[in-house]
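**Student:** This is the structure I want to talk about, given as structure tokens.
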Amino acid sequence: MTIKYIFVTGGVVSSLGKGITAASLGRLLKARGLRVSIQKLDPYLNVDPGTMAPYQHGEVFVTADGAETDLDLGHYERFIDENLSQLNNVTAGQVYREVIAKERRGDYLGGTIQVVPHVTTEIKQHIVKAARQLQADVALVEIGGTVGDIESQPFLEAIRQLRNDVGRDNVLYIHITLLPYLSASGELKTKPTQHSVRELRGMGIQPDIIGLRADRPINDEIRHKVSLFCDVAPLAVIPITTAASIYEVPLLLREAGLGELVVERLGLQTASTPPELSKWEAAVTLLKKPKSKPPVRVALVGKYVELHDAYTSVREALIHAALHFERDVEIDWLQSEKLERGQELERLRAAAGIIVPGGFGYRGIEGKIIAAHIAREEQIPYLGLCLGMQVLCIELARHALHTDAANSTEFDPQTKHPIIALLPDQHALAEMGGTMRLGEYPCVLQPGSKARAAYGVDEVQERHRHRFEFNNAYRDVLSAAGMTFSGLSPDRRLVEVVELREHPWMVGSQFHPEFKTRLQRPHPLFKGFVQAMIETAS
């Protein structure tokens, strides 16, 4: 079967939900029995988001093969339930680096290197390679940024060229735009959409489908107006109104007829018509309906809590796990630096559970250690993720050794008690980007542990993103203080999961379990955490 390509662009403003729209369409197509790949093209010059501050970019999502990628890949994986790879996120930095490397090697035989054709050819090769690796029937490709951005132009030129390369019948363009609402006139305005489409057409791309984003209902009059001025069929103007949950979007797009339209336009042969979404629909119905049981309240202690996108996968994992118990989850976002100043402590103690997610750098660390201390002393269920596991160990070591000197060499290189430290083979590393332990590694779970009970299996594969490790010189000290090393690497050299024996649920993982959660298949550690909150509250 010939690979079909769907390109999703955005106009008027950024953060329109192109990623959710692409992921939702992927879900609709997969529910028809099609093999789907999704790729994100990011126009920034960073090689990847790994060295970018969360306030700049939000969460860095890590794939199984160790790529540090855009957070949209997390949405892609959760919606289409496929493990993606480094090929599924392409940045301008990667493209230019590869073009320059080829020029230095002489691959271009002394030619003048230009954006067209050299950069655009490199982009097209990335697109085709990702689709072929997953043996996709349909390759969905989201172009980051907004039409009109200077940095996006090579990517738009590449997808324009690709339509001729693979055949016009094998490519479809979807353009997502915003309909702003003017309260003074009580109207949704279509003019920005018209200008955005005109800009796109100026690049040589005529959209086949236009998605209209709005916070208010979109009537047929508006759709027909957009159809007339933007030269698309009325049925190809799709309303995408803001939903209470992102998981509703596939159902909204199904009702709008997007799936049928795409199948018809691309001539796709599908195994299931209409799409099989009954389990997804049941989960969304349960998510939306009022619950008879009270919500679980979780204190999330971090230093980027002002931007919730910095913890996207953690938030989704909590939603999935709570839904398993037919509960809603209420997240109380606590700034760890405020805990250091003695603020927000009562909010922390009032939570049914405490979660400390990953992060880097010393700022706010002592606040996270305070959160671990309160969780241990007051028997509040605790889940530590990556850095959250490390502060759990540091806090217990300070208690066991009767000193505040216990620390990580990341925060205090001269600490007398380096509970967390670099491995010997990491000391010579000079670059920050891509030099951590990244991607999936095996973890052997210890019999009788809470972690083993949660997973129900002896060995798991989990995704990592960290540089510092637990210092094995302190295993005996912490074991005597009540810690069980319940997850280890197969050679027993690396500590992967720790937990406290005399505690309802105080578990920390060196890996990031949140990256593998799914709406209908919540991650075992998050399920165990939520269950512990429910049991301790009853």
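Identifiers for the structure tokens are assigned positionally: chains receive A, B, ... in sequence, residues are indexed from 1 per chain, and ligands are indexed from 1 in the order shown.
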Let's see if you can do this: from backbone DSSP, list all strand (DSSP E) residues in segment 253-495 of chain A, as a VMD selection string.
**Tutor:** chain A and resid 296 to 302 329 to 335 353 to 356 382 to 385 406 to 408 417 to 421 437 to 445 459 to 466 469 to 470 483 to 488 495
**Student:** For Ala256 of chain A, list every protein, DNA or RNA residue within 9 Å, evaluated using only C-alpha atoms, and leave out those in the same chain fewer than 5 positions away; present the list as a PDB file with C-alpha atoms, in the first residue's frame.
**Tutor:**
```pdb
ATOM      1  CA  LEU A 235     -17.689  19.816   4.477  1.00  0.00           C
ATOM      2  CA  ILE A 238     -14.124  21.372  10.448  1.00  0.00           C
ATOM      3  CA  PRO A 239     -15.153  23.017  13.749  1.00  0.00           C
ATOM      4  CA  ILE A 240     -12.757  22.247  16.598  1.00  0.00           C
ATOM      5  CA  LEU A 251     -14.871  11.962  19.272  1.00  0.00           C
TER       6      LEU A 251
END
```
**Student:** Among segment 66-186 of chain A, which ones does DSSP assign to alpha helix (DSSP H) (computed from the backbone)? Answer as a PyMOL selection string.
**Tutor:** chain A and resi 72-80+92-105+120-133+153-166
**Student:** From the options A:Gly508, A:Leu287, A:Gly111, A:Tyr181, which residue's atoms come nearest to Ile354 of chain A, counting only C-alpha atoms?
**Tutor:**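 With only C-alpha atoms as the atom set, the closest residue is A:Gly508.
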**Student:** Would you pick out the contacts of segment 63-69 of chain A at 9 Å or less, using only C-alpha atoms, so that residues sharing its chain but fewer than 5 positions from it are not included, and give the list as a PDB file with N, CA and C atoms, in the first residue's frame?
**Tutor:**
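Output file out34.pdb follows:
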```pdb
ATOM      1  N   LYS A  40       6.709  15.256  14.328  1.00  0.00           N
ATOM      2  CA  LYS A  40       6.694  16.696  14.607  1.00  0.00           C
ATOM      3  C   LYS A  40       7.931  17.335  13.986  1.00  0.00           C
ATOM      4  N   ASP A  48      17.791  19.623  19.808  1.00  0.00           N
ATOM      5  CA  ASP A  48      16.600  19.045  20.433  1.00  0.00           C
ATOM      6  C   ASP A  48      16.272  19.902  21.651  1.00  0.00           C
ATOM      7  N   PRO A  49      15.132  19.657  22.296  1.00  0.00           N
ATOM      8  CA  PRO A  49      14.767  20.503  23.446  1.00  0.00           C
ATOM      9  C   PRO A  49      15.479  20.131  24.743  1.00  0.00           C
ATOM     10  N   GLY A  50      16.422  19.200  24.678  1.00  0.00           N
ATOM     11  CA  GLY A  50      17.040  18.683  25.895  1.00  0.00           C
ATOM     12  C   GLY A  50      17.738  19.711  26.748  1.00  0.00           C
ATOM     13  N   GLY A  74       4.497  12.996  23.312  1.00  0.00           N
ATOM     14  CA  GLY A  74       3.784  12.319  24.393  1.00  0.00           C
ATOM     15  C   GLY A  74       2.309  12.176  24.065  1.00  0.00           C
ATOM     16  N   ASN A  83       4.820   3.262  20.198  1.00  0.00           N
ATOM     17  CA  ASN A  83       6.083   3.818  20.653  1.00  0.00           C
ATOM     18  C   ASN A  83       6.788   4.472  19.472  1.00  0.00           C
ATOM     19  N   LEU A  84       7.052   5.768  19.601  1.00  0.00           N
ATOM     20  CA  LEU A  84       7.711   6.506  18.544  1.00  0.00           C
ATOM     21  C   LEU A  84       9.220   6.539  18.796  1.00  0.00           C
ATOM     22  N   SER A  85       9.960   7.164  17.885  1.00  0.00           N
ATOM     23  CA  SER A  85      11.422   7.135  17.981  1.00  0.00           C
ATOM     24  C   SER A  85      12.001   8.504  17.657  1.00  0.00           C
ATOM     25  N   GLN A  86      13.322   8.564  17.634  1.00  0.00           N
ATOM     26  CA  GLN A  86      14.006   9.815  17.327  1.00  0.00           C
ATOM     27  C   GLN A  86      13.650  10.334  15.937  1.00  0.00           C
ATOM     28  N   LEU A  87      13.203   9.465  15.040  1.00  0.00           N
ATOM     29  CA  LEU A  87      12.814   9.903  13.697  1.00  0.00           C
ATOM     30  C   LEU A  87      11.519  10.705  13.699  1.00  0.00           C
ATOM     31  N   ASN A  88      10.765  10.615  14.798  1.00  0.00           N
ATOM     32  CA  ASN A  88       9.450  11.255  14.835  1.00  0.00           C
ATOM     33  C   ASN A  88       9.484  12.701  15.317  1.00  0.00           C
ATOM     34  N   ASN A  89      10.662  13.208  15.635  1.00  0.00           N
ATOM     35  CA  ASN A  89      10.805  14.630  15.975  1.00  0.00           C
ATOM     36  C   ASN A  89      12.031  15.178  15.253  1.00  0.00           C
ATOM     37  N   VAL A  90      11.816  16.088  14.338  1.00  0.00           N
ATOM     38  CA  VAL A  90      12.893  16.661  13.539  1.00  0.00           C
ATOM     39  C   VAL A  90      12.940  18.156  13.797  1.00  0.00           C
ATOM     40  N   GLY A 434      22.260  15.465  25.228  1.00  0.00           N
ATOM     41  CA  GLY A 434      22.303  14.084  24.782  1.00  0.00           C
ATOM     42  C   GLY A 434      23.340  13.215  25.464  1.00  0.00           C
ATOM     43  N   ARG A 437      21.804   9.357  30.740  1.00  0.00           N
ATOM     44  CA  ARG A 437      21.239   8.033  30.507  1.00  0.00           C
ATOM     45  C   ARG A 437      19.831   8.263  29.969  1.00  0.00           C
ATOM     46  N   LEU A 438      19.656   7.950  28.705  1.00  0.00           N
ATOM     47  CA  LEU A 438      18.420   8.288  28.013  1.00  0.00           C
ATOM     48  C   LEU A 438      17.785   7.043  27.400  1.00  0.00           C
ATOM     49  N   GLY A 439      16.461   6.971  27.474  1.00  0.00           N
ATOM     50  CA  GLY A 439      15.727   5.897  26.826  1.00  0.00           C
ATOM     51  C   GLY A 439      15.461   4.723  27.741  1.00  0.00           C
ATOM     52  N   GLU A 440      15.032   3.615  27.135  1.00  0.00           N
ATOM     53  CA  GLU A 440      14.610   2.455  27.915  1.00  0.00           C
ATOM     54  C   GLU A 440      15.786   1.610  28.394  1.00  0.00           C
ATOM     55  N   TYR A 441      15.689   1.202  29.670  1.00  0.00           N
ATOM     56  CA  TYR A 441      16.643   0.285  30.272  1.00  0.00           C
ATOM     57  C   TYR A 441      15.866  -0.739  31.091  1.00  0.00           C
ATOM     58  N   GLU A 462      11.855   0.659  31.327  1.00  0.00           N
ATOM     59  CA  GLU A 462      11.370   2.009  31.608  1.00  0.00           C
ATOM     60  C   GLU A 462      12.341   3.047  31.039  1.00  0.00           C
ATOM     61  N   ARG A 463      11.807   4.257  30.825  1.00  0.00           N
ATOM     62  CA  ARG A 463      12.559   5.311  30.145  1.00  0.00           C
ATOM     63  C   ARG A 463      13.252   6.246  31.141  1.00  0.00           C
ATOM     64  N   HIS A 464      14.486   6.567  30.827  1.00  0.00           N
ATOM     65  CA  HIS A 464      15.315   7.389  31.711  1.00  0.00           C
ATOM     66  C   HIS A 464      15.664   8.721  31.060  1.00  0.00           C
ATOM     67  N   ARG A 465      15.934   9.685  31.931  1.00  0.00           N
ATOM     68  CA  ARG A 465      16.509  10.963  31.485  1.00  0.00           C
ATOM     69  C   ARG A 465      17.212  11.607  32.685  1.00  0.00           C
ATOM     70  N   PHE A 515       6.049   8.538  31.176  1.00  0.00           N
ATOM     71  CA  PHE A 515       6.144   8.538  29.714  1.00  0.00           C
ATOM     72  C   PHE A 515       5.422   7.347  29.081  1.00  0.00           C
TER      73      PHE A 515
END
```
**Student:** What's the 10 Å shell around Pro381 of chain A, counting only C-alpha atoms, without same-chain residues fewer than 4 positions away, as JSON, numbers by chain?
**Tutor:** {"A": [298, 351, 352, 353, 354, 355, 372, 375, 376, 503, 504, 505, 506, 507, 528, 529, 530, 531, 532, 533, 534, 535, 536]}
**Student:** Output N, CA, C and O atoms of each residue in that selection to a file, as a PDB file, in the first residue's frame.
**Tutor:**
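The resulting part.pdb:
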```pdb
ATOM      1  N   VAL A 298      -3.727  15.675  45.041  1.00  0.00           N
ATOM      2  CA  VAL A 298      -2.290  15.428  44.985  1.00  0.00           C
ATOM      3  C   VAL A 298      -1.539  16.755  45.004  1.00  0.00           C
ATOM      4  O   VAL A 298      -1.862  17.666  44.243  1.00  0.00           O
ATOM      5  N   ALA A 351      -2.790  17.439  51.467  1.00  0.00           N
ATOM      6  CA  ALA A 351      -2.941  16.585  50.289  1.00  0.00           C
ATOM      7  C   ALA A 351      -3.023  15.123  50.697  1.00  0.00           C
ATOM      8  O   ALA A 351      -2.459  14.696  51.700  1.00  0.00           O
ATOM      9  N   ALA A 352      -3.737  14.346  49.859  1.00  0.00           N
ATOM     10  CA  ALA A 352      -3.816  12.899  50.088  1.00  0.00           C
ATOM     11  C   ALA A 352      -2.530  12.211  49.676  1.00  0.00           C
ATOM     12  O   ALA A 352      -2.236  11.097  50.123  1.00  0.00           O
ATOM     13  N   GLY A 353      -1.764  12.853  48.796  1.00  0.00           N
ATOM     14  CA  GLY A 353      -0.503  12.292  48.345  1.00  0.00           C
ATOM     15  C   GLY A 353       0.408  13.396  47.842  1.00  0.00           C
ATOM     16  O   GLY A 353      -0.042  14.494  47.491  1.00  0.00           O
ATOM     17  N   ILE A 354       1.704  13.104  47.810  1.00  0.00           N
ATOM     18  CA  ILE A 354       2.714  14.068  47.360  1.00  0.00           C
ATOM     19  C   ILE A 354       3.499  13.437  46.217  1.00  0.00           C
ATOM     20  O   ILE A 354       3.952  12.291  46.323  1.00  0.00           O
ATOM     21  N   ILE A 355       3.661  14.193  45.145  1.00  0.00           N
ATOM     22  CA  ILE A 355       4.470  13.713  44.031  1.00  0.00           C
ATOM     23  C   ILE A 355       5.549  14.743  43.738  1.00  0.00           C
ATOM     24  O   ILE A 355       5.280  15.950  43.677  1.00  0.00           O
ATOM     25  N   ALA A 372       9.627  15.556  50.888  1.00  0.00           N
ATOM     26  CA  ALA A 372       9.918  14.155  51.176  1.00  0.00           C
ATOM     27  C   ALA A 372       9.936  13.900  52.686  1.00  0.00           C
ATOM     28  O   ALA A 372       9.457  12.846  53.157  1.00  0.00           O
ATOM     29  N   ALA A 375       6.345  13.827  53.953  1.00  0.00           N
ATOM     30  CA  ALA A 375       5.703  12.581  53.512  1.00  0.00           C
ATOM     31  C   ALA A 375       6.156  11.401  54.359  1.00  0.00           C
ATOM     32  O   ALA A 375       5.341  10.544  54.748  1.00  0.00           O
ATOM     33  N   ARG A 376       7.452  11.338  54.676  1.00  0.00           N
ATOM     34  CA  ARG A 376       7.958  10.226  55.485  1.00  0.00           C
ATOM     35  C   ARG A 376       7.480  10.311  56.928  1.00  0.00           C
ATOM     36  O   ARG A 376       6.983   9.324  57.484  1.00  0.00           O
ATOM     37  N   HIS A 503       5.994   2.254  55.582  1.00  0.00           N
ATOM     38  CA  HIS A 503       5.276   3.412  55.056  1.00  0.00           C
ATOM     39  C   HIS A 503       4.191   2.893  54.115  1.00  0.00           C
ATOM     40  O   HIS A 503       4.422   1.918  53.387  1.00  0.00           O
ATOM     41  N   PRO A 504       3.014   3.510  54.102  1.00  0.00           N
ATOM     42  CA  PRO A 504       1.946   3.010  53.224  1.00  0.00           C
ATOM     43  C   PRO A 504       2.329   3.037  51.750  1.00  0.00           C
ATOM     44  O   PRO A 504       1.942   2.154  50.991  1.00  0.00           O
ATOM     45  N   TRP A 505       3.069   4.034  51.310  1.00  0.00           N
ATOM     46  CA  TRP A 505       3.552   4.085  49.919  1.00  0.00           C
ATOM     47  C   TRP A 505       4.518   5.251  49.797  1.00  0.00           C
ATOM     48  O   TRP A 505       4.134   6.403  49.638  1.00  0.00           O
ATOM     49  N   MET A 506       5.791   4.960  49.937  1.00  0.00           N
ATOM     50  CA  MET A 506       6.821   5.953  49.678  1.00  0.00           C
ATOM     51  C   MET A 506       7.792   5.311  48.711  1.00  0.00           C
ATOM     52  O   MET A 506       8.693   4.558  49.102  1.00  0.00           O
ATOM     53  N   VAL A 507       7.575   5.584  47.443  1.00  0.00           N
ATOM     54  CA  VAL A 507       8.273   4.905  46.356  1.00  0.00           C
ATOM     55  C   VAL A 507       8.908   5.944  45.449  1.00  0.00           C
ATOM     56  O   VAL A 507       8.306   6.981  45.150  1.00  0.00           O
ATOM     57  N   GLY A 528      -0.595   2.343  41.772  1.00  0.00           N
ATOM     58  CA  GLY A 528      -0.271   2.018  43.157  1.00  0.00           C
ATOM     59  C   GLY A 528      -0.295   3.234  44.051  1.00  0.00           C
ATOM     60  O   GLY A 528      -0.759   3.183  45.195  1.00  0.00           O
ATOM     61  N   PHE A 529       0.212   4.352  43.539  1.00  0.00           N
ATOM     62  CA  PHE A 529       0.226   5.612  44.286  1.00  0.00           C
ATOM     63  C   PHE A 529      -1.199   6.081  44.580  1.00  0.00           C
ATOM     64  O   PHE A 529      -1.533   6.422  45.724  1.00  0.00           O
ATOM     65  N   VAL A 530      -2.059   6.087  43.567  1.00  0.00           N
ATOM     66  CA  VAL A 530      -3.444   6.528  43.765  1.00  0.00           C
ATOM     67  C   VAL A 530      -4.182   5.576  44.710  1.00  0.00           C
ATOM     68  O   VAL A 530      -4.941   6.021  45.583  1.00  0.00           O
ATOM     69  N   GLN A 531      -3.946   4.287  44.564  1.00  0.00           N
ATOM     70  CA  GLN A 531      -4.595   3.326  45.460  1.00  0.00           C
ATOM     71  C   GLN A 531      -4.178   3.569  46.905  1.00  0.00           C
ATOM     72  O   GLN A 531      -5.017   3.505  47.829  1.00  0.00           O
ATOM     73  N   ALA A 532      -2.898   3.855  47.120  1.00  0.00           N
ATOM     74  CA  ALA A 532      -2.418   4.140  48.481  1.00  0.00           C
ATOM     75  C   ALA A 532      -3.082   5.390  49.039  1.00  0.00           C
ATOM     76  O   ALA A 532      -3.449   5.437  50.229  1.00  0.00           O
ATOM     77  N   MET A 533      -3.281   6.418  48.203  1.00  0.00           N
ATOM     78  CA  MET A 533      -3.968   7.624  48.663  1.00  0.00           C
ATOM     79  C   MET A 533      -5.400   7.318  49.081  1.00  0.00           C
ATOM     80  O   MET A 533      -5.883   7.806  50.112  1.00  0.00           O
ATOM     81  N   ILE A 534      -6.075   6.520  48.284  1.00  0.00           N
ATOM     82  CA  ILE A 534      -7.471   6.172  48.592  1.00  0.00           C
ATOM     83  C   ILE A 534      -7.552   5.381  49.891  1.00  0.00           C
ATOM     84  O   ILE A 534      -8.404   5.634  50.744  1.00  0.00           O
ATOM     85  N   GLU A 535      -6.635   4.425  50.064  1.00  0.00           N
ATOM     86  CA  GLU A 535      -6.668   3.567  51.252  1.00  0.00           C
ATOM     87  C   GLU A 535      -6.307   4.326  52.521  1.00  0.00           C
ATOM     88  O   GLU A 535      -6.911   4.098  53.583  1.00  0.00           O
ATOM     89  N   THR A 536      -5.331   5.215  52.445  1.00  0.00           N
ATOM     90  CA  THR A 536      -4.946   5.956  53.652  1.00  0.00           C
ATOM     91  C   THR A 536      -5.988   6.999  54.037  1.00  0.00           C
ATOM     92  O   THR A 536      -6.077   7.399  55.206  1.00  0.00           O
TER      93      THR A 536
END
```
**Student:** Give me the segment 137-244 of chain A side of the contact with segment 1-19 of chain A, cut-off 10 Å, one line per residue showing its nearest atom pair and distance in Å at one decimal, counting only C-alpha atoms, sorted by chain and residue number, as a Markdown table.
**Tutor:**
```
| residue | atom | partner | partner_atom | distance |
| --- | --- | --- | --- | --- |
| A:Asp137 | CA | A:Ile3 | CA | 5.0 |
| A:Val138 | CA | A:Lys4 | CA | 4.8 |
| A:Ala139 | CA | A:Tyr5 | CA | 4.8 |
| A:Leu140 | CA | A:Ile6 | CA | 4.8 |
| A:Val141 | CA | A:Phe7 | CA | 4.8 |
| A:Glu142 | CA | A:Val8 | CA | 4.7 |
| A:Ile143 | CA | A:Thr9 | CA | 5.4 |
| A:Gly144 | CA | A:Thr9 | CA | 7.3 |
| A:Gly145 | CA | A:Ser14 | CA | 6.0 |
| A:Thr146 | CA | A:Gly11 | CA | 5.0 |
| A:Val147 | CA | A:Gly11 | CA | 5.3 |
| A:Gly148 | CA | A:Gly11 | CA | 8.0 |
| A:Asp149 | CA | A:Gly11 | CA | 9.7 |
| A:Leu156 | CA | A:Thr9 | CA | 8.7 |
| A:Ile159 | CA | A:Phe7 | CA | 7.5 |
| A:Arg160 | CA | A:Phe7 | CA | 9.8 |
| A:Leu162 | CA | A:Tyr5 | CA | 9.1 |
| A:Arg163 | CA | A:Tyr5 | CA | 8.6 |
| A:Val166 | CA | A:Lys4 | CA | 8.7 |
| A:Gly167 | CA | A:Lys4 | CA | 9.4 |
| A:Arg168 | CA | A:Lys4 | CA | 9.9 |
| A:Asp169 | CA | A:Lys4 | CA | 8.3 |
| A:Asn170 | CA | A:Lys4 | CA | 4.7 |
| A:Val171 | CA | A:Tyr5 | CA | 4.8 |
| A:Leu172 | CA | A:Ile6 | CA | 4.8 |
| A:Tyr173 | CA | A:Phe7 | CA | 4.9 |
| A:Ile174 | CA | A:Val8 | CA | 4.8 |
| A:His175 | CA | A:Thr9 | CA | 4.8 |
| A:Ile176 | CA | A:Gly10 | CA | 4.7 |
| A:Thr177 | CA | A:Gly11 | CA | 4.7 |
| A:Leu178 | CA | A:Val12 | CA | 6.0 |
| A:Leu179 | CA | A:Val12 | CA | 8.6 |
| A:Pro180 | CA | A:Val12 | CA | 9.4 |
| A:Lys191 | CA | A:Val12 | CA | 9.9 |
| A:Pro192 | CA | A:Val12 | CA | 6.1 |
| A:Thr193 | CA | A:Val12 | CA | 6.8 |
| A:Gln194 | CA | A:Val12 | CA | 9.6 |
| A:His195 | CA | A:Val12 | CA | 8.3 |
| A:Ser196 | CA | A:Gly11 | CA | 5.4 |
| A:Val197 | CA | A:Gly11 | CA | 7.7 |
| A:Glu199 | CA | A:Gly11 | CA | 9.0 |
| A:Leu200 | CA | A:Gly11 | CA | 8.7 |
| A:Pro207 | CA | A:Thr9 | CA | 9.1 |
| A:Ile209 | CA | A:Val8 | CA | 9.5 |
| A:Ile210 | CA | A:Thr9 | CA | 9.6 |
| A:Gly211 | CA | A:Gly10 | CA | 9.2 |
| A:Leu212 | CA | A:Leu16 | CA | 9.6 |
| A:Arg213 | CA | A:Leu16 | CA | 7.0 |
| A:Ala214 | CA | A:Leu16 | CA | 9.3 |
| A:Ile240 | CA | A:Gly17 | CA | 9.5 |
| A:Thr242 | CA | A:Gly17 | CA | 9.6 |
```
**Student:** Find the residues around Val232 of chain A up to 8 Å (only C-alpha atoms counted), leave out those fewer than 2 positions away in its own chain, and share them as a list of chain:residue names.
**Tutor:**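 So the residues in contact are A:Pro207, A:Asp208, A:Ile209, A:Ile210, A:Val226, A:Ser227, A:Leu228, A:Cys230, A:Pro234, A:Ala236, A:Val237.
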